[in-house]
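Visitor: Have a look at this one.
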Amino acid sequence: MNILGMGNALVDVMIRVEKDSILNELRLPKGSMQHVDEVRLKEIEERIDGFERVLVSGGSAANTIHGLAELGVKTGFIGSAGRDPWGEFYINDLKNKGIIPIFYRPDKPTGRAMVFLTPDSERTFGTYLGAAIELRPEFLSPELFHGWSIFHIEGYLVQNHDLIESAMVLAKQAGCVVSLDLASYNVVEDNLEFLKSVVSQYVDILFANEEEAMAYTGREPEAAVDELASFCRIAVVKIGKDGAWVQSGTEKHHVKGLEANCIDTTGAGDLFASGFLYGYTRGFSLRKCGELGNMLAAAVIEVTGSKISESHWQIIRRTLSI
């Protein structure tokens, strides 16, 4: 089985800060993802001038696709990046991992996510979508989805309802299993009616963390996964260090989290999806899929950013006999 992703193509700019006060100063609620315009982006960049930064190609669905590519899955990614050095950096990073890039290239600057890491390992996003938001339904065609087994999409694209629904319709028509990651609690809160509509109509596999699940259902994790599983074939509610609840029909498991030296939680949910979907492509049990999700999530939180080190990937591949 092979997997096509679609999401916001963003270069992640990782900034470690010692106090929450800088988030208040920049009007970024801790733990949230806030969209910023070019004026706010400039304000943020000026405020962090002199701070140490780490640059990586990011975006939720792209992180998941990168993880799957590292596990040997044939992958592709649909996105939009500007005709600038940031865009070239992003697309070349996909190619270097063997990921097929399917990109719209507008004149607008490539999107960037300013990711603030506080001492408690929480992350807060100030996201300038830039060229990423230029992706339109008109760019999509039935041919883009032919030959793919799974279509994985991020909820952060929800700023464009027509794009998400068009992509899901085309994916289902092409025979794809549709996988959706809800992305962020405030995104869910702001688009709840739309998300409930597309989940019930098109989504086969749904990923949420406990805050997103609460925003969607108003329930705690175990009860939330019950409700979510009534709308789709497989529901996953991630609960951080405590692991995850996974459910399909009446089959439900609590999969315990793994011990890890948490440095940065960026990408934990995205890499959980990589592990889970890899297990799904191999026909593993529901519990085993959850265990693989936890394995990759535990690995990525031990580094800064959303990319697991090559040495750790080698260990993971040996563990999985890849």
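A note on labels: chains of the structure tokens are A, B, ... as shown, every chain counts residues from 1, and ligands are counted from 1 in their shown order.
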So that I can see what lies close to stretch 283-291 of chain A, please list as a ChimeraX atom specification the residues with an atom at most 12 Å from it, counting only C-alpha atoms and leaving out residues fewer than 4 positions away in the same chain.

Guide: /A:1,205,207,233-239,242-258,269,271-279,295-298,320

Visitor: Find the spatial neighbours of A:Leu163, counting only C-alpha atoms, within a cut-off of 6 Å - ignore same-chain residues fewer than 2 positions away - and output them as an NGL selection string.

Guide: :A and (136-137 or 160-161 or 165-166)

Visitor: With only C-alpha atoms as the counted atoms, please give the residues lying no more than 6 Å from stretch 124-127 of chain A, apart from itself and same-chain residues fewer than 6 positions off, as a list of chain:residue names.

Guide: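 So the residues in contact are A:Lys30, A:Gly31, A:Ser32, A:Met33, A:Gln34, A:His35, A:Val36, A:Ala113, A:Met114, A:Val115, A:Phe116.
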
Visitor: Near A:Tyr90, counting only C-alpha atoms, which residues have an atom at most 10 Å away, once you skip same-chain residues fewer than 6 positions from it, shown as a PyMOL selection string?

Guide: chain A and resi 9-11+56-58+81-82+101+110

Visitor: Quick one: pull the distance between atom CA of A:Arg317 and atom CA of A:Ala61, Å, one decimal.

Guide: 21.3 Å

Visitor: For A:Glu212, please output as an MDAnalysis selection string all residues within 12 Å (counting only C-alpha atoms; exclusion window: fewer than 6 positions along the same chain).

Guide: chainID A and resid 31:32 155 181:192 195 206 218:221 224:225 228 236:239 269

Visitor: Here is a test: counting only C-alpha atoms, which residue of A:Pro29, A:Gly67, A:Gly79, A:Gly72 is nearest to A:Leu135?

Guide: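 Of all the options, A:Gly79 lies closest to A:Leu135.
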
Visitor: From a backbone DSSP assignment, name each residue in stretch 51-296 of chain A labelled strand (DSSP E), as a PDB file with N, CA and C atoms, in the first residue's frame.

Guide:
```pdb
ATOM      1  N   ARG A  53      17.840  29.316  16.399  1.00  0.00           N
ATOM      2  CA  ARG A  53      16.734  28.737  15.650  1.00  0.00           C
ATOM      3  C   ARG A  53      17.179  27.448  14.959  1.00  0.00           C
ATOM      4  N   VAL A  54      16.216  26.542  14.781  1.00  0.00           N
ATOM      5  CA  VAL A  54      16.436  25.338  13.993  1.00  0.00           C
ATOM      6  C   VAL A  54      15.394  25.325  12.880  1.00  0.00           C
ATOM      7  N   LEU A  55      15.834  25.157  11.633  1.00  0.00           N
ATOM      8  CA  LEU A  55      14.929  25.160  10.485  1.00  0.00           C
ATOM      9  C   LEU A  55      14.715  23.741   9.986  1.00  0.00           C
ATOM     10  N   VAL A  56      13.460  23.351   9.805  1.00  0.00           N
ATOM     11  CA  VAL A  56      13.136  22.046   9.224  1.00  0.00           C
ATOM     12  C   VAL A  56      11.908  22.199   8.334  1.00  0.00           C
ATOM     13  N   SER A  57      11.794  21.339   7.330  1.00  0.00           N
ATOM     14  CA  SER A  57      10.564  21.327   6.537  1.00  0.00           C
ATOM     15  C   SER A  57       9.483  20.700   7.395  1.00  0.00           C
ATOM     16  N   GLY A  58       8.339  21.344   7.444  1.00  0.00           N
ATOM     17  CA  GLY A  58       7.310  20.874   8.350  1.00  0.00           C
ATOM     18  C   GLY A  58       5.914  20.927   7.763  1.00  0.00           C
ATOM     19  N   THR A  75       5.491   7.128  -1.002  1.00  0.00           N
ATOM     20  CA  THR A  75       4.706   8.283  -0.566  1.00  0.00           C
ATOM     21  C   THR A  75       4.751   9.420  -1.579  1.00  0.00           C
ATOM     22  N   GLY A  76       3.733  10.263  -1.498  1.00  0.00           N
ATOM     23  CA  GLY A  76       3.674  11.497  -2.271  1.00  0.00           C
ATOM     24  C   GLY A  76       3.065  12.581  -1.408  1.00  0.00           C
ATOM     25  N   PHE A  77       3.248  13.833  -1.817  1.00  0.00           N
ATOM     26  CA  PHE A  77       2.704  14.938  -1.020  1.00  0.00           C
ATOM     27  C   PHE A  77       2.234  16.059  -1.932  1.00  0.00           C
ATOM     28  N   ILE A  78       0.982  16.486  -1.715  1.00  0.00           N
ATOM     29  CA  ILE A  78       0.390  17.609  -2.446  1.00  0.00           C
ATOM     30  C   ILE A  78       0.505  18.859  -1.575  1.00  0.00           C
ATOM     31  N   GLY A  79       1.076  19.919  -2.132  1.00  0.00           N
ATOM     32  CA  GLY A  79       1.208  21.158  -1.372  1.00  0.00           C
ATOM     33  C   GLY A  79       1.419  22.345  -2.284  1.00  0.00           C
ATOM     34  N   SER A  80       1.666  23.485  -1.667  1.00  0.00           N
ATOM     35  CA  SER A  80       1.907  24.723  -2.405  1.00  0.00           C
ATOM     36  C   SER A  80       3.036  25.482  -1.733  1.00  0.00           C
ATOM     37  N   ILE A 100       7.327  11.837  -3.549  1.00  0.00           N
ATOM     38  CA  ILE A 100       6.950  12.475  -4.818  1.00  0.00           C
ATOM     39  C   ILE A 100       6.274  13.815  -4.523  1.00  0.00           C
ATOM     40  N   PRO A 101       6.875  14.948  -4.941  1.00  0.00           N
ATOM     41  CA  PRO A 101       6.242  16.248  -4.685  1.00  0.00           C
ATOM     42  C   PRO A 101       5.249  16.601  -5.786  1.00  0.00           C
ATOM     43  N   ILE A 102       4.047  16.977  -5.406  1.00  0.00           N
ATOM     44  CA  ILE A 102       3.005  17.416  -6.337  1.00  0.00           C
ATOM     45  C   ILE A 102       2.632  18.823  -5.906  1.00  0.00           C
ATOM     46  N   PHE A 103       3.255  19.823  -6.533  1.00  0.00           N
ATOM     47  CA  PHE A 103       3.209  21.171  -5.968  1.00  0.00           C
ATOM     48  C   PHE A 103       2.691  22.224  -6.931  1.00  0.00           C
ATOM     49  N   TYR A 104       1.885  23.109  -6.356  1.00  0.00           N
ATOM     50  CA  TYR A 104       1.518  24.367  -6.993  1.00  0.00           C
ATOM     51  C   TYR A 104       2.563  25.391  -6.564  1.00  0.00           C
ATOM     52  N   GLY A 111       5.196  29.468   3.061  1.00  0.00           N
ATOM     53  CA  GLY A 111       4.707  29.573   4.432  1.00  0.00           C
ATOM     54  C   GLY A 111       5.747  29.176   5.457  1.00  0.00           C
ATOM     55  N   ARG A 112       5.624  29.758   6.651  1.00  0.00           N
ATOM     56  CA  ARG A 112       6.543  29.444   7.750  1.00  0.00           C
ATOM     57  C   ARG A 112       5.743  29.317   9.039  1.00  0.00           C
ATOM     58  N   ALA A 113       6.165  28.371   9.868  1.00  0.00           N
ATOM     59  CA  ALA A 113       5.556  28.190  11.186  1.00  0.00           C
ATOM     60  C   ALA A 113       6.608  28.546  12.229  1.00  0.00           C
ATOM     61  N   MET A 114       6.361  29.601  12.983  1.00  0.00           N
ATOM     62  CA  MET A 114       7.246  29.982  14.079  1.00  0.00           C
ATOM     63  C   MET A 114       6.819  29.163  15.288  1.00  0.00           C
ATOM     64  N   VAL A 115       7.670  28.231  15.700  1.00  0.00           N
ATOM     65  CA  VAL A 115       7.315  27.266  16.748  1.00  0.00           C
ATOM     66  C   VAL A 115       8.091  27.596  18.019  1.00  0.00           C
ATOM     67  N   PHE A 116       7.377  28.019  19.055  1.00  0.00           N
ATOM     68  CA  PHE A 116       8.003  28.396  20.320  1.00  0.00           C
ATOM     69  C   PHE A 116       7.956  27.219  21.285  1.00  0.00           C
ATOM     70  N   LEU A 117       9.131  26.839  21.781  1.00  0.00           N
ATOM     71  CA  LEU A 117       9.260  25.709  22.699  1.00  0.00           C
ATOM     72  C   LEU A 117       9.557  26.234  24.089  1.00  0.00           C
ATOM     73  N   ARG A 123       4.547  23.315  22.874  1.00  0.00           N
ATOM     74  CA  ARG A 123       4.864  24.108  21.700  1.00  0.00           C
ATOM     75  C   ARG A 123       3.692  24.991  21.329  1.00  0.00           C
ATOM     76  N   THR A 124       4.022  26.188  20.858  1.00  0.00           N
ATOM     77  CA  THR A 124       3.030  27.187  20.485  1.00  0.00           C
ATOM     78  C   THR A 124       3.390  27.703  19.096  1.00  0.00           C
ATOM     79  N   PHE A 125       2.395  27.762  18.213  1.00  0.00           N
ATOM     80  CA  PHE A 125       2.660  28.097  16.819  1.00  0.00           C
ATOM     81  C   PHE A 125       2.109  29.475  16.446  1.00  0.00           C
ATOM     82  N   GLY A 126       2.937  30.252  15.773  1.00  0.00           N
ATOM     83  CA  GLY A 126       2.496  31.436  15.057  1.00  0.00           C
ATOM     84  C   GLY A 126       2.736  31.132  13.592  1.00  0.00           C
ATOM     85  N   THR A 127       1.688  30.854  12.844  1.00  0.00           N
ATOM     86  CA  THR A 127       1.832  30.294  11.502  1.00  0.00           C
ATOM     87  C   THR A 127       1.440  31.295  10.424  1.00  0.00           C
ATOM     88  N   TYR A 128       2.421  31.589   9.551  1.00  0.00           N
ATOM     89  CA  TYR A 128       2.172  32.397   8.360  1.00  0.00           C
ATOM     90  C   TYR A 128       1.995  31.432   7.192  1.00  0.00           C
ATOM     91  N   ILE A 150      -3.971   5.099   0.317  1.00  0.00           N
ATOM     92  CA  ILE A 150      -4.429   5.884   1.460  1.00  0.00           C
ATOM     93  C   ILE A 150      -4.176   7.361   1.164  1.00  0.00           C
ATOM     94  N   PHE A 151      -5.122   8.186   1.514  1.00  0.00           N
ATOM     95  CA  PHE A 151      -4.975   9.641   1.399  1.00  0.00           C
ATOM     96  C   PHE A 151      -5.042  10.216   2.800  1.00  0.00           C
ATOM     97  N   HIS A 152      -3.944  10.858   3.227  1.00  0.00           N
ATOM     98  CA  HIS A 152      -3.856  11.421   4.576  1.00  0.00           C
ATOM     99  C   HIS A 152      -3.846  12.944   4.482  1.00  0.00           C
ATOM    100  N   ILE A 153      -4.745  13.575   5.233  1.00  0.00           N
ATOM    101  CA  ILE A 153      -4.904  15.022   5.153  1.00  0.00           C
ATOM    102  C   ILE A 153      -4.910  15.622   6.550  1.00  0.00           C
ATOM    103  N   GLU A 154      -4.397  16.820   6.673  1.00  0.00           N
ATOM    104  CA  GLU A 154      -4.343  17.493   7.975  1.00  0.00           C
ATOM    105  C   GLU A 154      -5.495  18.476   8.135  1.00  0.00           C
ATOM    106  N   VAL A 177      -8.474   4.896   1.024  1.00  0.00           N
ATOM    107  CA  VAL A 177      -8.854   5.051   2.425  1.00  0.00           C
ATOM    108  C   VAL A 177      -8.493   6.482   2.816  1.00  0.00           C
ATOM    109  N   VAL A 178      -9.407   7.208   3.444  1.00  0.00           N
ATOM    110  CA  VAL A 178      -9.154   8.603   3.823  1.00  0.00           C
ATOM    111  C   VAL A 178      -8.833   8.695   5.303  1.00  0.00           C
ATOM    112  N   SER A 179      -7.702   9.313   5.597  1.00  0.00           N
ATOM    113  CA  SER A 179      -7.220   9.505   6.972  1.00  0.00           C
ATOM    114  C   SER A 179      -7.139  10.997   7.253  1.00  0.00           C
ATOM    115  N   LEU A 180      -7.661  11.420   8.402  1.00  0.00           N
ATOM    116  CA  LEU A 180      -7.674  12.837   8.777  1.00  0.00           C
ATOM    117  C   LEU A 180      -7.116  13.026  10.169  1.00  0.00           C
ATOM    118  N   ASP A 181      -6.192  13.972  10.318  1.00  0.00           N
ATOM    119  CA  ASP A 181      -5.708  14.394  11.628  1.00  0.00           C
ATOM    120  C   ASP A 181      -6.349  15.735  11.946  1.00  0.00           C
ATOM    121  N   ILE A 205     -10.218   6.862   8.824  1.00  0.00           N
ATOM    122  CA  ILE A 205      -9.329   6.844   9.987  1.00  0.00           C
ATOM    123  C   ILE A 205      -9.216   8.266  10.510  1.00  0.00           C
ATOM    124  N   LEU A 206      -9.519   8.463  11.787  1.00  0.00           N
ATOM    125  CA  LEU A 206      -9.517   9.798  12.381  1.00  0.00           C
ATOM    126  C   LEU A 206      -8.553   9.848  13.561  1.00  0.00           C
ATOM    127  N   PHE A 207      -7.633  10.822  13.542  1.00  0.00           N
ATOM    128  CA  PHE A 207      -6.686  11.037  14.628  1.00  0.00           C
ATOM    129  C   PHE A 207      -7.028  12.338  15.359  1.00  0.00           C
ATOM    130  N   ALA A 208      -6.997  12.288  16.703  1.00  0.00           N
ATOM    131  CA  ALA A 208      -7.207  13.479  17.518  1.00  0.00           C
ATOM    132  C   ALA A 208      -6.372  13.342  18.783  1.00  0.00           C
ATOM    133  N   ASN A 209      -5.917  14.469  19.331  1.00  0.00           N
ATOM    134  CA  ASN A 209      -5.360  14.396  20.679  1.00  0.00           C
ATOM    135  C   ASN A 209      -6.482  14.680  21.667  1.00  0.00           C
ATOM    136  N   ILE A 234     -12.071   3.746  11.995  1.00  0.00           N
ATOM    137  CA  ILE A 234     -11.058   3.682  13.045  1.00  0.00           C
ATOM    138  C   ILE A 234     -10.894   5.064  13.661  1.00  0.00           C
ATOM    139  N   ALA A 235     -10.935   5.140  14.990  1.00  0.00           N
ATOM    140  CA  ALA A 235     -10.726   6.405  15.698  1.00  0.00           C
ATOM    141  C   ALA A 235      -9.559   6.250  16.662  1.00  0.00           C
ATOM    142  N   VAL A 236      -8.758   7.300  16.748  1.00  0.00           N
ATOM    143  CA  VAL A 236      -7.596   7.320  17.642  1.00  0.00           C
ATOM    144  C   VAL A 236      -7.639   8.607  18.455  1.00  0.00           C
ATOM    145  N   VAL A 237      -7.529   8.483  19.772  1.00  0.00           N
ATOM    146  CA  VAL A 237      -7.388   9.660  20.636  1.00  0.00           C
ATOM    147  C   VAL A 237      -6.061   9.522  21.369  1.00  0.00           C
ATOM    148  N   LYS A 238      -5.137  10.418  21.057  1.00  0.00           N
ATOM    149  CA  LYS A 238      -3.793  10.394  21.647  1.00  0.00           C
ATOM    150  C   LYS A 238      -3.814  11.138  22.982  1.00  0.00           C
ATOM    151  N   ALA A 244      -2.505   6.141  24.058  1.00  0.00           N
ATOM    152  CA  ALA A 244      -3.627   6.455  23.175  1.00  0.00           C
ATOM    153  C   ALA A 244      -4.758   5.456  23.376  1.00  0.00           C
ATOM    154  N   TRP A 245      -5.959   5.914  23.052  1.00  0.00           N
ATOM    155  CA  TRP A 245      -7.118   5.036  22.908  1.00  0.00           C
ATOM    156  C   TRP A 245      -7.334   4.814  21.418  1.00  0.00           C
ATOM    157  N   VAL A 246      -7.506   3.557  21.018  1.00  0.00           N
ATOM    158  CA  VAL A 246      -7.768   3.230  19.616  1.00  0.00           C
ATOM    159  C   VAL A 246      -9.015   2.361  19.563  1.00  0.00           C
ATOM    160  N   GLN A 247      -9.859   2.628  18.575  1.00  0.00           N
ATOM    161  CA  GLN A 247     -11.120   1.888  18.513  1.00  0.00           C
ATOM    162  C   GLN A 247     -11.568   1.716  17.078  1.00  0.00           C
ATOM    163  N   SER A 248     -12.094   0.526  16.787  1.00  0.00           N
ATOM    164  CA  SER A 248     -12.737   0.226  15.511  1.00  0.00           C
ATOM    165  C   SER A 248     -13.971  -0.606  15.818  1.00  0.00           C
ATOM    166  N   GLU A 251     -14.294  -2.932  19.011  1.00  0.00           N
ATOM    167  CA  GLU A 251     -12.946  -3.268  19.487  1.00  0.00           C
ATOM    168  C   GLU A 251     -12.246  -1.997  19.959  1.00  0.00           C
ATOM    169  N   LYS A 252     -11.853  -1.967  21.218  1.00  0.00           N
ATOM    170  CA  LYS A 252     -11.218  -0.772  21.781  1.00  0.00           C
ATOM    171  C   LYS A 252     -10.042  -1.166  22.657  1.00  0.00           C
ATOM    172  N   HIS A 253      -8.951  -0.407  22.554  1.00  0.00           N
ATOM    173  CA  HIS A 253      -7.762  -0.689  23.352  1.00  0.00           C
ATOM    174  C   HIS A 253      -7.184   0.609  23.908  1.00  0.00           C
ATOM    175  N   HIS A 254      -6.684   0.536  25.122  1.00  0.00           N
ATOM    176  CA  HIS A 254      -5.814   1.595  25.631  1.00  0.00           C
ATOM    177  C   HIS A 254      -4.385   1.105  25.435  1.00  0.00           C
ATOM    178  N   VAL A 255      -3.613   1.834  24.627  1.00  0.00           N
ATOM    179  CA  VAL A 255      -2.230   1.464  24.337  1.00  0.00           C
ATOM    180  C   VAL A 255      -1.326   2.379  25.166  1.00  0.00           C
TER     181      VAL A 255
END
```

Visitor: So which residues of stretch 8-98 of chain A fall under alpha helix (DSSP H) by DSSP, listed as an MDAnalysis selection string?

Guide: chainID A and resid 21:25 38:47 60:70 85:96

Visitor: Just the selected residues (N, CA and C atoms), exported as a compact mmCIF listing (two decimals), in the first residue's frame, please.

Guide:
```
# COMPACT_ATOMS: atom_id res chain seq x y z
N SER A 21 6.27 34.46 29.08
CA SER A 21 5.93 35.87 28.89
C SER A 21 6.08 36.33 27.45
N ILE A 22 7.02 35.73 26.72
CA ILE A 22 7.20 36.13 25.33
C ILE A 22 5.98 35.76 24.49
N LEU A 23 5.30 34.65 24.86
CA LEU A 23 4.09 34.26 24.16
C LEU A 23 2.98 35.28 24.40
N ASN A 24 2.87 35.74 25.64
CA ASN A 24 1.88 36.77 25.95
C ASN A 24 2.18 38.06 25.20
N GLU A 25 3.45 38.38 25.14
CA GLU A 25 3.88 39.60 24.45
C GLU A 25 3.52 39.56 22.97
N GLU A 38 1.50 38.85 7.35
CA GLU A 38 2.88 39.26 7.12
C GLU A 38 3.35 40.30 8.13
N VAL A 39 2.44 41.14 8.59
CA VAL A 39 2.80 42.16 9.59
C VAL A 39 3.16 41.49 10.91
N ARG A 40 2.32 40.54 11.35
CA ARG A 40 2.60 39.82 12.60
C ARG A 40 3.87 38.97 12.47
N LEU A 41 4.07 38.37 11.30
CA LEU A 41 5.27 37.57 11.09
C LEU A 41 6.52 38.42 11.27
N LYS A 42 6.49 39.61 10.68
CA LYS A 42 7.64 40.51 10.82
C LYS A 42 7.86 40.89 12.27
N GLU A 43 6.76 41.13 13.00
CA GLU A 43 6.84 41.46 14.42
C GLU A 43 7.50 40.33 15.20
N ILE A 44 7.08 39.10 14.91
CA ILE A 44 7.66 37.94 15.59
C ILE A 44 9.13 37.80 15.27
N GLU A 45 9.47 37.94 13.98
CA GLU A 45 10.86 37.79 13.56
C GLU A 45 11.76 38.84 14.20
N GLU A 46 11.25 40.04 14.34
CA GLU A 46 12.04 41.10 14.99
C GLU A 46 12.23 40.79 16.47
N ARG A 47 11.19 40.25 17.12
CA ARG A 47 11.27 39.97 18.55
C ARG A 47 12.25 38.83 18.85
N SER A 60 1.94 19.44 9.36
CA SER A 60 1.49 18.21 10.01
C SER A 60 1.48 17.00 9.08
N ALA A 61 0.77 17.09 7.96
CA ALA A 61 0.68 15.93 7.06
C ALA A 61 2.04 15.60 6.46
N ALA A 62 2.85 16.61 6.15
CA ALA A 62 4.18 16.37 5.60
C ALA A 62 5.06 15.63 6.60
N ASN A 63 4.96 15.99 7.88
CA ASN A 63 5.72 15.26 8.91
C ASN A 63 5.34 13.78 8.91
N THR A 64 4.05 13.51 8.81
CA THR A 64 3.57 12.12 8.77
C THR A 64 4.11 11.40 7.54
N ILE A 65 4.07 12.06 6.40
CA ILE A 65 4.56 11.46 5.16
C ILE A 65 6.06 11.21 5.23
N HIS A 66 6.83 12.14 5.81
CA HIS A 66 8.26 11.93 5.99
C HIS A 66 8.51 10.66 6.82
N GLY A 67 7.76 10.50 7.91
CA GLY A 67 7.93 9.32 8.75
C GLY A 67 7.65 8.04 7.99
N LEU A 68 6.61 8.04 7.19
CA LEU A 68 6.27 6.85 6.40
C LEU A 68 7.34 6.55 5.36
N ALA A 69 7.90 7.60 4.74
CA ALA A 69 8.97 7.40 3.76
C ALA A 69 10.18 6.76 4.42
N GLU A 70 10.49 7.18 5.65
CA GLU A 70 11.62 6.59 6.37
C GLU A 70 11.40 5.10 6.64
N PRO A 85 13.72 30.68 -2.19
CA PRO A 85 14.63 29.68 -1.59
C PRO A 85 13.96 28.80 -0.54
N TRP A 86 12.99 29.35 0.21
CA TRP A 86 12.27 28.55 1.19
C TRP A 86 11.53 27.40 0.50
N GLY A 87 10.89 27.72 -0.65
CA GLY A 87 10.16 26.71 -1.40
C GLY A 87 11.07 25.64 -1.98
N GLU A 88 12.23 26.06 -2.50
CA GLU A 88 13.19 25.10 -3.04
C GLU A 88 13.71 24.18 -1.93
N PHE A 89 13.99 24.78 -0.77
CA PHE A 89 14.44 24.00 0.38
C PHE A 89 13.42 22.93 0.72
N TYR A 90 12.15 23.32 0.73
CA TYR A 90 11.08 22.41 1.12
C TYR A 90 10.95 21.25 0.14
N ILE A 91 10.85 21.56 -1.14
CA ILE A 91 10.62 20.53 -2.15
C ILE A 91 11.82 19.60 -2.27
N ASN A 92 13.03 20.16 -2.19
CA ASN A 92 14.23 19.32 -2.25
C ASN A 92 14.31 18.35 -1.07
N ASP A 93 13.81 18.79 0.09
CA ASP A 93 13.82 17.93 1.26
C ASP A 93 12.89 16.73 1.04
N LEU A 94 11.75 16.95 0.39
CA LEU A 94 10.86 15.84 0.05
C LEU A 94 11.55 14.88 -0.92
N LYS A 95 12.14 15.43 -1.96
CA LYS A 95 12.78 14.59 -2.97
C LYS A 95 13.91 13.76 -2.37
N ASN A 96 14.65 14.36 -1.47
CA ASN A 96 15.78 13.65 -0.85
C ASN A 96 15.34 12.42 -0.06
```
